[in-house]
$ cat upload20.pdb   # PDB, C-alpha atoms
ATOM      1  CA  MET A 941     -70.849 -22.998 -10.960
ATOM      2  CA  VAL A 942     -71.305 -20.894 -14.093
ATOM      3  CA  PHE A 943     -69.462 -17.584 -14.144
ATOM      4  CA  GLU A 944     -68.698 -14.772 -16.591
ATOM      5  CA  TYR A 945     -65.180 -13.980 -17.749
ATOM      6  CA  ASN A 946     -63.809 -11.087 -19.774
ATOM      7  CA  ASN A 947     -60.027 -11.389 -19.830
ATOM      8  CA  VAL A 948     -58.418 -14.628 -21.019
ATOM      9  CA  LEU A 949     -54.897 -15.870 -21.601
ATOM     10  CA  VAL A 950     -54.677 -18.415 -24.422
ATOM     11  CA  THR A 951     -51.277 -20.076 -24.649
ATOM     12  CA  GLY A 952     -50.356 -21.626 -27.976
ATOM     13  CA  ALA A 953     -52.397 -18.917 -29.702
ATOM     14  CA  ALA A 954     -50.623 -19.427 -33.042
ATOM     15  CA  GLY A 955     -51.291 -23.157 -32.832
ATOM     16  CA  PHE A 956     -54.117 -25.104 -34.407
ATOM     17  CA  ILE A 957     -56.576 -25.155 -31.515
ATOM     18  CA  GLY A 958     -55.317 -21.960 -29.860
ATOM     19  CA  SER A 959     -55.831 -19.783 -32.926
ATOM     20  CA  GLN A 960     -59.352 -21.060 -33.537
ATOM     21  CA  LEU A 961     -60.299 -20.718 -29.862
ATOM     22  CA  SER A 962     -58.901 -17.175 -29.747
ATOM     23  CA  LYS A 963     -60.952 -16.207 -32.803
ATOM     24  CA  ARG A 964     -64.111 -17.619 -31.237
ATOM     25  CA  LEU A 965     -63.510 -15.746 -27.957
ATOM     26  CA  LEU A 966     -62.828 -12.463 -29.768
ATOM     27  CA  ASP A 967     -66.050 -12.917 -31.760
ATOM     28  CA  ASN A 968     -67.809 -13.366 -28.396
ATOM     29  CA  GLY A 969     -66.502 -10.003 -27.123
ATOM     30  CA  ILE A 970     -63.796 -11.432 -24.854
ATOM     31  CA  ARG A 971     -60.392  -9.785 -24.433
ATOM     32  CA  VAL A 972     -57.648 -12.266 -25.355
ATOM     33  CA  VAL A 973     -53.943 -12.208 -24.672
ATOM     34  CA  GLY A 974     -52.430 -14.798 -26.989
ATOM     35  CA  LEU A 975     -49.064 -16.307 -26.094
ATOM     36  CA  ASP A 976     -46.840 -18.331 -28.404
ATOM     37  CA  ASN A 977     -43.110 -18.908 -28.793
ATOM     38  CA  MET A 978     -43.481 -19.607 -32.553
ATOM     39  CA  ASN A 979     -41.150 -22.586 -32.359
ATOM     40  CA  PRO A 980     -40.186 -24.317 -35.641
ATOM     41  CA  TYR A 981     -41.471 -27.815 -34.775
ATOM     42  CA  TYR A 982     -43.579 -27.300 -37.900
ATOM     43  CA  SER A 983     -44.092 -24.461 -40.412
ATOM     44  CA  VAL A 984     -43.688 -21.071 -38.740
ATOM     45  CA  LYS A 985     -45.335 -19.554 -41.834
ATOM     46  CA  LEU A 986     -48.524 -21.487 -41.061
ATOM     47  CA  LYS A 987     -48.412 -20.206 -37.477
ATOM     48  CA  GLU A 988     -47.891 -16.631 -38.683
ATOM     49  CA  ASP A 989     -50.857 -16.937 -41.045
ATOM     50  CA  ARG A 990     -53.090 -18.226 -38.250
ATOM     51  CA  LEU A 991     -51.928 -15.347 -36.081
ATOM     52  CA  ALA A 992     -52.638 -12.849 -38.858
ATOM     53  CA  GLN A 993     -56.338 -13.656 -38.478
ATOM     54  CA  LEU A 994     -56.182 -12.383 -34.899
ATOM     55  CA  GLU A 995     -53.739  -9.493 -34.979
ATOM     56  CA  GLY A 996     -55.327  -6.120 -35.537
ATOM     57  CA  HIS A 997     -58.391  -7.081 -33.540
ATOM     58  CA  PRO A 998     -58.882  -4.389 -30.867
ATOM     59  CA  ARG A 999     -59.352  -6.956 -28.104
ATOM     60  CA  PHE A1000     -56.325  -9.088 -29.020
ATOM     61  CA  THR A1001     -52.781  -8.731 -27.708
ATOM     62  CA  PHE A1002     -49.965 -11.025 -28.754
ATOM     63  CA  ALA A1003     -47.119 -12.012 -26.450
ATOM     64  CA  ARG A1004     -44.204 -13.806 -28.101
ATOM     65  CA  LEU A1005     -42.941 -15.743 -25.119
ATOM     66  CA  ASP A1006     -41.837 -19.234 -24.131
ATOM     67  CA  LEU A1007     -43.722 -20.879 -21.257
ATOM     68  CA  ALA A1008     -40.396 -21.990 -19.802
ATOM     69  CA  GLU A1009     -39.185 -18.369 -19.415
ATOM     70  CA  ARG A1010     -40.003 -17.968 -15.750
ATOM     71  CA  GLU A1011     -39.383 -14.228 -15.371
ATOM     72  CA  GLY A1012     -41.247 -13.389 -18.565
ATOM     73  CA  MET A1013     -44.216 -15.465 -17.457
ATOM     74  CA  GLU A1014     -44.229 -13.773 -14.060
ATOM     75  CA  ARG A1015     -44.315 -10.354 -15.733
ATOM     76  CA  LEU A1016     -47.138 -11.430 -18.057
ATOM     77  CA  PHE A1017     -49.349 -12.573 -15.187
ATOM     78  CA  ALA A1018     -48.508  -9.509 -13.070
ATOM     79  CA  ALA A1019     -49.407  -7.108 -15.892
ATOM     80  CA  ASN A1020     -52.800  -8.726 -16.575
ATOM     81  CA  ARG A1021     -55.608  -9.824 -14.306
ATOM     82  CA  PHE A1022     -56.698 -12.920 -16.210
ATOM     83  CA  ASP A1023     -60.067 -14.407 -15.299
ATOM     84  CA  VAL A1024     -59.348 -17.638 -17.160
ATOM     85  CA  VAL A1025     -56.170 -19.215 -18.483
ATOM     86  CA  VAL A1026     -56.456 -21.769 -21.282
ATOM     87  CA  ASN A1027     -53.157 -23.598 -21.617
ATOM     88  CA  LEU A1028     -52.875 -25.099 -25.099
ATOM     89  CA  ALA A1029     -49.157 -24.499 -25.591
ATOM     90  CA  ALA A1030     -47.113 -27.695 -25.474
ATOM     91  CA  GLN A1031     -44.512 -29.672 -27.293
ATOM     92  CA  ALA A1032     -46.830 -31.923 -29.237
ATOM     93  CA  GLY A1033     -46.352 -35.198 -31.075
ATOM     94  CA  VAL A1034     -45.878 -38.752 -29.847
ATOM     95  CA  ARG A1035     -43.157 -39.774 -32.306
ATOM     96  CA  TYR A1036     -41.060 -36.640 -31.856
ATOM     97  CA  SER A1037     -40.837 -37.403 -28.128
ATOM     98  CA  LEU A1038     -38.702 -40.425 -29.015
ATOM     99  CA  LYS A1039     -36.142 -38.141 -30.685
ATOM    100  CA  ASN A1040     -36.153 -35.037 -28.504
ATOM    101  CA  PRO A1041     -37.363 -35.816 -24.971
ATOM    102  CA  GLN A1042     -35.872 -32.637 -23.473
ATOM    103  CA  ALA A1043     -38.295 -30.491 -25.482
ATOM    104  CA  TYR A1044     -41.207 -32.138 -23.654
ATOM    105  CA  ILE A1045     -39.737 -31.544 -20.228
ATOM    106  CA  GLU A1046     -39.056 -27.867 -20.976
ATOM    107  CA  ALA A1047     -42.434 -27.036 -22.519
ATOM    108  CA  ASN A1048     -44.797 -29.474 -20.852
ATOM    109  CA  ILE A1049     -43.354 -29.705 -17.343
ATOM    110  CA  VAL A1050     -41.286 -26.552 -16.694
ATOM    111  CA  GLY A1051     -43.675 -24.436 -18.778
ATOM    112  CA  PHE A1052     -46.751 -25.843 -17.057
ATOM    113  CA  THR A1053     -45.209 -25.110 -13.668
ATOM    114  CA  ASN A1054     -44.917 -21.452 -14.670
ATOM    115  CA  ILE A1055     -48.564 -21.481 -15.761
ATOM    116  CA  ILE A1056     -49.951 -22.875 -12.513
ATOM    117  CA  GLU A1057     -47.687 -20.627 -10.439
ATOM    118  CA  GLY A1058     -48.966 -17.609 -12.372
ATOM    119  CA  CYS A1059     -52.551 -18.711 -11.775
ATOM    120  CA  ARG A1060     -51.895 -19.260  -8.082
ATOM    121  CA  HIS A1061     -50.295 -15.886  -7.404
ATOM    122  CA  HIS A1062     -52.452 -13.652  -9.596
ATOM    123  CA  GLY A1063     -56.054 -14.521  -8.792
ATOM    124  CA  VAL A1064     -56.953 -16.592 -11.857
ATOM    125  CA  LYS A1065     -60.414 -18.034 -11.328
ATOM    126  CA  HIS A1066     -60.159 -21.008 -13.686
ATOM    127  CA  LEU A1067     -57.299 -22.883 -15.339
ATOM    128  CA  VAL A1068     -58.387 -24.933 -18.346
ATOM    129  CA  PHE A1069     -55.577 -27.027 -19.778
ATOM    130  CA  ALA A1070     -55.066 -29.386 -22.676
ATOM    131  CA  SER A1071     -54.372 -32.964 -21.788
ATOM    132  CA  SER A1072     -54.525 -35.721 -24.393
ATOM    133  CA  SER A1073     -56.128 -39.037 -25.250
ATOM    134  CA  SER A1074     -52.530 -40.322 -25.198
ATOM    135  CA  VAL A1075     -52.705 -40.530 -21.399
ATOM    136  CA  TYR A1076     -54.806 -43.697 -21.737
ATOM    137  CA  GLY A1077     -51.629 -45.440 -22.891
ATOM    138  CA  ALA A1078     -51.823 -49.204 -22.408
ATOM    139  CA  ASN A1079     -55.524 -49.128 -21.443
ATOM    140  CA  THR A1080     -57.661 -51.355 -23.673
ATOM    141  CA  ARG A1081     -61.182 -51.099 -22.205
ATOM    142  CA  MET A1082     -63.281 -49.041 -24.592
ATOM    143  CA  PRO A1083     -64.545 -46.385 -24.650
ATOM    144  CA  PHE A1084     -61.882 -44.598 -22.628
ATOM    145  CA  SER A1085     -63.432 -43.098 -19.507
ATOM    146  CA  VAL A1086     -62.062 -40.265 -17.358
ATOM    147  CA  HIS A1087     -62.955 -42.472 -14.379
ATOM    148  CA  ASP A1088     -60.444 -45.141 -15.459
ATOM    149  CA  ASN A1089     -56.934 -45.301 -14.048
ATOM    150  CA  VAL A1090     -54.329 -43.915 -16.499
ATOM    151  CA  ASP A1091     -51.021 -44.886 -14.921
ATOM    152  CA  HIS A1092     -49.469 -46.725 -17.872
ATOM    153  CA  PRO A1093     -48.420 -44.176 -20.542
ATOM    154  CA  VAL A1094     -46.508 -45.498 -23.568
ATOM    155  CA  SER A1095     -44.787 -42.267 -24.680
ATOM    156  CA  LEU A1096     -43.022 -39.402 -22.927
ATOM    157  CA  TYR A1097     -45.576 -37.032 -24.476
ATOM    158  CA  ALA A1098     -48.355 -38.971 -22.736
ATOM    159  CA  ALA A1099     -46.405 -39.036 -19.485
ATOM    160  CA  SER A1100     -45.949 -35.249 -19.622
ATOM    161  CA  LYS A1101     -49.690 -34.754 -20.100
ATOM    162  CA  LYS A1102     -50.483 -37.098 -17.222
ATOM    163  CA  ALA A1103     -47.988 -35.093 -15.161
ATOM    164  CA  ASN A1104     -49.923 -31.908 -15.995
ATOM    165  CA  GLU A1105     -53.089 -33.480 -14.639
ATOM    166  CA  LEU A1106     -51.324 -34.454 -11.414
ATOM    167  CA  MET A1107     -49.709 -31.027 -11.022
ATOM    168  CA  ALA A1108     -53.043 -29.281 -11.569
ATOM    169  CA  HIS A1109     -54.731 -31.485  -8.990
ATOM    170  CA  THR A1110     -52.013 -30.690  -6.468
ATOM    171  CA  TYR A1111     -52.584 -26.943  -6.888
ATOM    172  CA  SER A1112     -56.336 -27.463  -6.726
ATOM    173  CA  HIS A1113     -55.851 -29.307  -3.425
ATOM    174  CA  LEU A1114     -53.280 -26.915  -1.913
ATOM    175  CA  TYR A1115     -54.590 -23.549  -3.077
ATOM    176  CA  GLY A1116     -58.183 -24.104  -4.175
ATOM    177  CA  LEU A1117     -57.287 -23.320  -7.810
ATOM    178  CA  ALA A1118     -60.183 -24.406 -10.033
ATOM    179  CA  CYS A1119     -58.672 -26.661 -12.714
ATOM    180  CA  THR A1120     -60.266 -28.437 -15.659
ATOM    181  CA  GLY A1121     -58.239 -30.797 -17.829
ATOM    182  CA  LEU A1122     -59.398 -31.645 -21.342
ATOM    183  CA  ARG A1123     -58.296 -34.847 -23.030
ATOM    184  CA  PHE A1124     -58.471 -34.080 -26.751
ATOM    185  CA  PHE A1125     -58.898 -36.923 -29.227
ATOM    186  CA  THR A1126     -57.108 -36.595 -32.631
ATOM    187  CA  VAL A1127     -58.128 -33.083 -33.618
ATOM    188  CA  TYR A1128     -58.402 -32.311 -37.347
ATOM    189  CA  GLY A1129     -59.782 -29.668 -39.690
ATOM    190  CA  PRO A1130     -58.859 -26.428 -41.525
ATOM    191  CA  TRP A1131     -55.617 -24.792 -40.331
ATOM    192  CA  GLY A1132     -54.564 -28.156 -38.867
ATOM    193  CA  ARG A1133     -51.056 -29.299 -38.000
ATOM    194  CA  PRO A1134     -48.843 -30.497 -40.873
ATOM    195  CA  ASP A1135     -47.563 -33.421 -38.779
ATOM    196  CA  MET A1136     -51.040 -34.927 -38.360
ATOM    197  CA  ALA A1137     -52.459 -37.716 -40.522
ATOM    198  CA  LEU A1138     -55.071 -35.775 -42.505
ATOM    199  CA  PHE A1139     -52.600 -33.058 -43.508
ATOM    200  CA  LEU A1140     -49.819 -35.556 -44.300
ATOM    201  CA  PHE A1141     -52.088 -37.802 -46.363
ATOM    202  CA  THR A1142     -53.786 -34.994 -48.294
ATOM    203  CA  ASP A1143     -50.466 -33.326 -49.085
ATOM    204  CA  ALA A1144     -48.832 -36.569 -50.237
ATOM    205  CA  ILE A1145     -51.780 -37.769 -52.340
ATOM    206  CA  LEU A1146     -52.090 -34.451 -54.179
ATOM    207  CA  LYS A1147     -48.343 -34.445 -54.835
ATOM    208  CA  GLY A1148     -48.270 -38.059 -56.026
ATOM    209  CA  ARG A1149     -46.137 -39.287 -53.134
ATOM    210  CA  PRO A1150     -46.762 -42.498 -51.169
ATOM    211  CA  ILE A1151     -48.303 -42.297 -47.707
ATOM    212  CA  GLN A1152     -47.044 -44.235 -44.705
ATOM    213  CA  VAL A1153     -49.809 -46.362 -43.216
ATOM    214  CA  PHE A1154     -48.838 -47.606 -39.774
ATOM    215  CA  ASN A1155     -50.105 -50.844 -38.275
ATOM    216  CA  HIS A1156     -51.178 -51.703 -41.854
ATOM    217  CA  GLY A1157     -54.143 -49.328 -41.487
ATOM    218  CA  ARG A1158     -55.763 -51.320 -38.702
ATOM    219  CA  MET A1159     -55.481 -48.569 -36.081
ATOM    220  CA  GLN A1160     -58.620 -46.759 -34.971
ATOM    221  CA  ARG A1161     -58.802 -43.106 -34.010
ATOM    222  CA  ASP A1162     -61.594 -40.988 -32.559
ATOM    223  CA  PHE A1163     -61.108 -38.124 -35.039
ATOM    224  CA  THR A1164     -62.594 -34.895 -33.634
ATOM    225  CA  TYR A1165     -63.348 -31.840 -35.753
ATOM    226  CA  ILE A1166     -61.787 -28.536 -34.674
ATOM    227  CA  ASP A1167     -65.081 -26.633 -34.301
ATOM    228  CA  ASP A1168     -66.341 -29.320 -31.910
ATOM    229  CA  ILE A1169     -63.168 -29.029 -29.851
ATOM    230  CA  VAL A1170     -63.514 -25.244 -29.628
ATOM    231  CA  GLU A1171     -67.187 -25.496 -28.675
ATOM    232  CA  GLY A1172     -66.324 -27.921 -25.890
ATOM    233  CA  VAL A1173     -63.530 -25.687 -24.577
ATOM    234  CA  VAL A1174     -65.728 -22.568 -24.573
ATOM    235  CA  ARG A1175     -68.515 -24.334 -22.690
ATOM    236  CA  VAL A1176     -66.103 -25.658 -20.073
ATOM    237  CA  MET A1177     -64.354 -22.277 -19.586
ATOM    238  CA  GLY A1178     -67.421 -20.674 -18.041
ATOM    239  CA  ARG A1179     -68.138 -23.560 -15.693
ATOM    240  CA  LEU A1180     -66.038 -23.811 -12.546
ATOM    241  CA  PRO A1181     -65.435 -27.427 -11.486
ATOM    242  CA  ALA A1182     -67.102 -28.272  -8.205
ATOM    243  CA  PRO A1183     -65.709 -30.680  -5.620
ATOM    244  CA  ASN A1184     -67.337 -34.105  -5.852
ATOM    245  CA  PRO A1185     -69.077 -34.759  -2.498
ATOM    246  CA  ALA A1186     -69.116 -38.492  -3.221
ATOM    247  CA  TRP A1187     -65.338 -38.688  -3.761
ATOM    248  CA  SER A1188     -63.670 -41.168  -1.454
ATOM    249  CA  GLY A1189     -60.029 -41.930  -0.789
ATOM    250  CA  ASP A1190     -61.010 -45.554  -0.293
ATOM    251  CA  ARG A1191     -62.072 -45.770  -3.936
ATOM    252  CA  PRO A1192     -60.499 -42.698  -5.590
ATOM    253  CA  ASP A1193     -62.141 -41.507  -8.808
ATOM    254  CA  PRO A1194     -59.406 -40.238 -11.182
ATOM    255  CA  GLY A1195     -61.794 -37.981 -13.117
ATOM    256  CA  THR A1196     -63.074 -35.911 -10.166
ATOM    257  CA  SER A1197     -61.873 -34.846  -6.726
ATOM    258  CA  TYR A1198     -62.762 -33.490  -3.299
ATOM    259  CA  ALA A1199     -60.977 -30.372  -4.662
ATOM    260  CA  PRO A1200     -62.295 -28.088  -7.462
ATOM    261  CA  TYR A1201     -60.821 -30.282 -10.198
ATOM    262  CA  LYS A1202     -62.353 -32.124 -13.161
ATOM    263  CA  ILE A1203     -61.238 -34.040 -16.243
ATOM    264  CA  TYR A1204     -63.248 -34.340 -19.469
ATOM    265  CA  ASN A1205     -62.778 -36.214 -22.716
ATOM    266  CA  ILE A1206     -63.539 -34.237 -25.866
ATOM    267  CA  GLY A1207     -63.815 -36.741 -28.682
ATOM    268  CA  ASN A1208     -66.201 -37.668 -31.458
ATOM    269  CA  ASN A1209     -67.308 -40.819 -29.595
ATOM    270  CA  GLN A1210     -67.064 -42.729 -32.883
ATOM    271  CA  PRO A1211     -63.689 -44.300 -33.728
ATOM    272  CA  VAL A1212     -62.757 -44.724 -37.402
ATOM    273  CA  GLU A1213     -60.284 -47.262 -38.769
ATOM    274  CA  LEU A1214     -57.297 -45.678 -40.487
ATOM    275  CA  ASN A1215     -58.018 -47.527 -43.760
ATOM    276  CA  THR A1216     -61.557 -46.119 -43.743
ATOM    277  CA  PHE A1217     -60.196 -42.645 -43.008
ATOM    278  CA  ILE A1218     -57.796 -42.892 -45.954
ATOM    279  CA  ALA A1219     -60.589 -44.120 -48.240
ATOM    280  CA  ALA A1220     -62.657 -41.040 -47.303
ATOM    281  CA  ILE A1221     -59.729 -38.737 -48.138
ATOM    282  CA  GLU A1222     -59.255 -40.517 -51.484
ATOM    283  CA  SER A1223     -62.954 -40.108 -52.237
ATOM    284  CA  VAL A1224     -62.942 -36.374 -51.451
ATOM    285  CA  LEU A1225     -59.751 -35.809 -53.470
ATOM    286  CA  GLY A1226     -60.819 -38.048 -56.344
ATOM    287  CA  ARG A1227     -57.419 -39.736 -56.268
ATOM    288  CA  THR A1228     -56.040 -43.050 -55.068
ATOM    289  CA  ALA A1229     -53.193 -43.033 -52.566
ATOM    290  CA  GLN A1230     -49.969 -44.948 -53.013
ATOM    291  CA  LYS A1231     -49.713 -46.790 -49.712
ATOM    292  CA  GLU A1232     -46.622 -47.948 -47.859
ATOM    293  CA  PHE A1233     -47.846 -50.320 -45.151
ATOM    294  CA  LEU A1234     -45.720 -50.344 -41.995
ATOM    295  CA  ASP A1235     -45.782 -51.862 -38.513
ATOM    296  CA  MET A1236     -46.964 -49.950 -35.451
ATOM    297  CA  GLN A1237     -44.675 -47.107 -34.403
ATOM    298  CA  PRO A1238     -43.216 -47.124 -30.868
ATOM    299  CA  GLY A1239     -45.363 -44.968 -28.579
ATOM    300  CA  ASP A1240     -48.524 -45.415 -30.656
ATOM    301  CA  VAL A1241     -51.670 -47.178 -29.444
ATOM    302  CA  PRO A1242     -53.960 -49.366 -31.578
ATOM    303  CA  ALA A1243     -57.184 -47.491 -30.825
ATOM    304  CA  THR A1244     -58.720 -44.443 -29.156
ATOM    305  CA  TYR A1245     -62.400 -44.012 -28.312
ATOM    306  CA  ALA A1246     -63.793 -41.267 -26.075
ATOM    307  CA  ASP A1247     -66.512 -41.695 -23.474
ATOM    308  CA  VAL A1248     -68.069 -38.215 -23.399
ATOM    309  CA  ASP A1249     -70.904 -38.853 -20.943
ATOM    310  CA  ASP A1250     -69.492 -36.422 -18.355
ATOM    311  CA  LEU A1251     -69.119 -33.652 -20.934
ATOM    312  CA  MET A1252     -72.717 -34.182 -22.031
ATOM    313  CA  ALA A1253     -74.020 -34.251 -18.466
ATOM    314  CA  ASP A1254     -72.167 -31.138 -17.309
ATOM    315  CA  VAL A1255     -72.162 -28.791 -20.325
ATOM    316  CA  GLY A1256     -74.776 -30.344 -22.622
ATOM    317  CA  PHE A1257     -72.486 -30.919 -25.575
ATOM    318  CA  LYS A1258     -70.829 -33.727 -27.488
ATOM    319  CA  PRO A1259     -68.895 -33.524 -30.773
ATOM    320  CA  ALA A1260     -70.954 -34.645 -33.759
ATOM    321  CA  THR A1261     -69.317 -33.483 -37.023
ATOM    322  CA  PRO A1262     -69.307 -36.452 -39.467
ATOM    323  CA  ILE A1263     -65.833 -37.488 -40.625
ATOM    324  CA  ARG A1264     -66.658 -37.035 -44.327
ATOM    325  CA  GLU A1265     -67.893 -33.489 -43.745
ATOM    326  CA  GLY A1266     -64.807 -32.606 -41.709
ATOM    327  CA  ILE A1267     -62.457 -33.985 -44.369
ATOM    328  CA  GLU A1268     -64.280 -32.039 -47.101
ATOM    329  CA  ARG A1269     -63.837 -28.805 -45.141
ATOM    330  CA  PHE A1270     -60.153 -29.502 -44.574
ATOM    331  CA  VAL A1271     -59.489 -30.308 -48.239
ATOM    332  CA  ALA A1272     -61.286 -27.122 -49.332
ATOM    333  CA  TRP A1273     -59.116 -25.109 -46.935
ATOM    334  CA  TYR A1274     -55.915 -26.894 -48.008
ATOM    335  CA  LYS A1275     -56.539 -26.215 -51.709
ATOM    336  CA  SER A1276     -57.389 -22.585 -51.014
ATOM    337  CA  TYR A1277     -54.409 -22.024 -48.693
ATOM    338  CA  TYR A1278     -51.899 -23.592 -51.083
ATOM    339  CA  GLY A1279     -53.484 -22.087 -54.200
ATOM    340  CA  GLN A1280     -54.615 -25.350 -55.779
ATOM    341  CA  ALA A1281     -57.592 -25.459 -58.085
TER     342      ALA A1281
END
$ encode --input "upload20.pdb" --output "structure tokens"
Amino acid sequence: MVFEYNNVLVTGAAGFIGSQLSKRLLDNGIRVVGLDNMNPYYSVKLKEDRLAQLEGHPRFTFARLDLAEREGMERLFAANRFDVVVNLAAQAGVRYSLKNPQAYIEANIVGFTNIIEGCRHHGVKHLVFASSSSVYGANTRMPFSVHDNVDHPVSLYAASKKANELMAHTYSHLYGLACTGLRFFTVYGPWGRPDMALFLFTDAILKGRPIQVFNHGRMQRDFTYIDDIVEGVVRVMGRLPAPNPAWSGDRPDPGTSYAPYKIYNIGNNQPVELNTFIAAIESVLGRTAQKEFLDMQPGDVPATYADVDDLMADVGFKPATPIREGIERFVAWYKSYYGQA
């Protein structure tokens, strides 16, 4: 069912996807409350600069708050009648989860509990939440489909995102809360995260430092441009998930439910080998990278590849930005942001 919304909570509003989504919603005339705890997992200055694009807008309010702060979250939901909540706040990163697992439990489990409780008690019509392609874990059948079982995660980050999907389904079943989970595939583009490959590689190449190439460059990733991610999120926000009348407990479909619950992949549907990705960055920069070839990192997977048939069927959209074009836009932003000619 398509419905109109006017008042939205975007968590992680100073983050990569959250800031760009908030800007798009504000441009569309939507009131946005943006929440972020501004944690120092990566550059707080970058987060502040993203936020500066939003602050001062008459329809934007910023709440500096941690999802895990239960009383603060209760007050936020009580003070606002949100139509839609888009939960993008999370402790991100596969490799960091090997070093600091507690951060993932606090943000991604405790924090998510406060989100779904707020939605339950304060009349939120639709919870849209970020999952991740990481949930596919040890799966090898390509492309990854939302209708495949995803019970074999290979990182705590992935396990926390799978847990979010299960928690959301439980609330959809118990309380009729409409929930849509979005599995994002390797998001990149201007204002991107400094811990992601494109940012790391561009920064190192321009500064004459070697880049670390895991699995000797033979990994494949379904790189998805930020504008395509935002477009997919916006289209899903206004569409309440409907129960699947064909769902059966005898042959349970993980991507749908008898409850108002749905999972979508948002990916470019075109995996690119890491060596090819690096070659495109070198071409755009006009420089050759110094490469340090390494084995696969624990928690990583050799390939990701999104089946986006459900997204196409339900909201009429699939990401399509070519990788070269996306890299060119990122490099132009990077040089402008860091004052490089």
$ resolve_selection --input "upload20.pdb" --expression "the PyMOL selection byres ((chain A and resi 1167) around 9)" --output "compact mmCIF listing (two decimals) with C-alpha atoms, keeping the file's coordinate frame"
# COMPACT_ATOMS: atom_id res chain seq x y z
CA GLN A 960 -59.35 -21.06 -33.54
CA LEU A 961 -60.30 -20.72 -29.86
CA GLY A 1129 -59.78 -29.67 -39.69
CA THR A 1164 -62.59 -34.90 -33.63
CA TYR A 1165 -63.35 -31.84 -35.75
CA ILE A 1166 -61.79 -28.54 -34.67
CA ASP A 1168 -66.34 -29.32 -31.91
CA ILE A 1169 -63.17 -29.03 -29.85
CA VAL A 1170 -63.51 -25.24 -29.63
CA GLU A 1171 -67.19 -25.50 -28.68
CA GLY A 1172 -66.32 -27.92 -25.89
CA PRO A 1259 -68.90 -33.52 -30.77
CA THR A 1261 -69.32 -33.48 -37.02
$ residues_around --input "upload20.pdb" --residues "A:Ala1003" --least-positions-apart "4" --cutoff "8 Å" --atoms "all atoms listed in the file" --output "PyMOL selection string"
chain A and resi 973-976
$ write_last_selection --input "upload20.pdb" --atoms "C-alpha atoms" --output "tab-separated table (two decimals), in the frame of the given file"
chain	number	residue	atom	x	y	z
A	973	VAL	CA	-53.94	-12.21	-24.67
A	974	GLY	CA	-52.43	-14.80	-26.99
A	975	LEU	CA	-49.06	-16.31	-26.09
A	976	ASP	CA	-46.84	-18.33	-28.40
$ resolve_selection --input "upload20.pdb" --expression "the PyMOL selection byres ((chain A and resi 1150-1157) around 6)" --output "list in words"
Arg1149, Arg1158, Met1159, Leu1214, Asn1215, Gln1230, Lys1231, Glu1232, Phe1233, Leu1234, Asp1235 and Met1236 of chain A
$ axis_aligned_box --input "upload20.pdb" --around "stretch 1155-1161 of chain A" --padding-each-side "5 Å" --output "JSON"
{"center_x": -54.5, "center_y": -47.4, "center_z": -37.9, "size_x": 18.7, "size_y": 18.6, "size_z": 17.8}
$ resolve_selection --input "upload20.pdb" --expression "the PyMOL selection byres ((chain A and resi 1060) around 12)" --output "PDB file with C-alpha atoms, keeping the file's coordinate frame"
ATOM      1  CA  GLU A1014     -44.229 -13.773 -14.060  1.00  0.00           C
ATOM      2  CA  PHE A1017     -49.349 -12.573 -15.187  1.00  0.00           C
ATOM      3  CA  ALA A1018     -48.508  -9.509 -13.070  1.00  0.00           C
ATOM      4  CA  ARG A1021     -55.608  -9.824 -14.306  1.00  0.00           C
ATOM      5  CA  PHE A1022     -56.698 -12.920 -16.210  1.00  0.00           C
ATOM      6  CA  ASP A1023     -60.067 -14.407 -15.299  1.00  0.00           C
ATOM      7  CA  VAL A1024     -59.348 -17.638 -17.160  1.00  0.00           C
ATOM      8  CA  VAL A1025     -56.170 -19.215 -18.483  1.00  0.00           C
ATOM      9  CA  THR A1053     -45.209 -25.110 -13.668  1.00  0.00           C
ATOM     10  CA  ASN A1054     -44.917 -21.452 -14.670  1.00  0.00           C
ATOM     11  CA  ILE A1055     -48.564 -21.481 -15.761  1.00  0.00           C
ATOM     12  CA  ILE A1056     -49.951 -22.875 -12.513  1.00  0.00           C
ATOM     13  CA  GLU A1057     -47.687 -20.627 -10.439  1.00  0.00           C
ATOM     14  CA  GLY A1058     -48.966 -17.609 -12.372  1.00  0.00           C
ATOM     15  CA  CYS A1059     -52.551 -18.711 -11.775  1.00  0.00           C
ATOM     16  CA  HIS A1061     -50.295 -15.886  -7.404  1.00  0.00           C
ATOM     17  CA  HIS A1062     -52.452 -13.652  -9.596  1.00  0.00           C
ATOM     18  CA  GLY A1063     -56.054 -14.521  -8.792  1.00  0.00           C
ATOM     19  CA  VAL A1064     -56.953 -16.592 -11.857  1.00  0.00           C
ATOM     20  CA  LYS A1065     -60.414 -18.034 -11.328  1.00  0.00           C
ATOM     21  CA  HIS A1066     -60.159 -21.008 -13.686  1.00  0.00           C
ATOM     22  CA  LEU A1067     -57.299 -22.883 -15.339  1.00  0.00           C
ATOM     23  CA  ALA A1108     -53.043 -29.281 -11.569  1.00  0.00           C
ATOM     24  CA  THR A1110     -52.013 -30.690  -6.468  1.00  0.00           C
ATOM     25  CA  TYR A1111     -52.584 -26.943  -6.888  1.00  0.00           C
ATOM     26  CA  SER A1112     -56.336 -27.463  -6.726  1.00  0.00           C
ATOM     27  CA  HIS A1113     -55.851 -29.307  -3.425  1.00  0.00           C
ATOM     28  CA  LEU A1114     -53.280 -26.915  -1.913  1.00  0.00           C
ATOM     29  CA  TYR A1115     -54.590 -23.549  -3.077  1.00  0.00           C
ATOM     30  CA  GLY A1116     -58.183 -24.104  -4.175  1.00  0.00           C
ATOM     31  CA  LEU A1117     -57.287 -23.320  -7.810  1.00  0.00           C
ATOM     32  CA  ALA A1118     -60.183 -24.406 -10.033  1.00  0.00           C
ATOM     33  CA  CYS A1119     -58.672 -26.661 -12.714  1.00  0.00           C
TER      34      CYS A1119
END
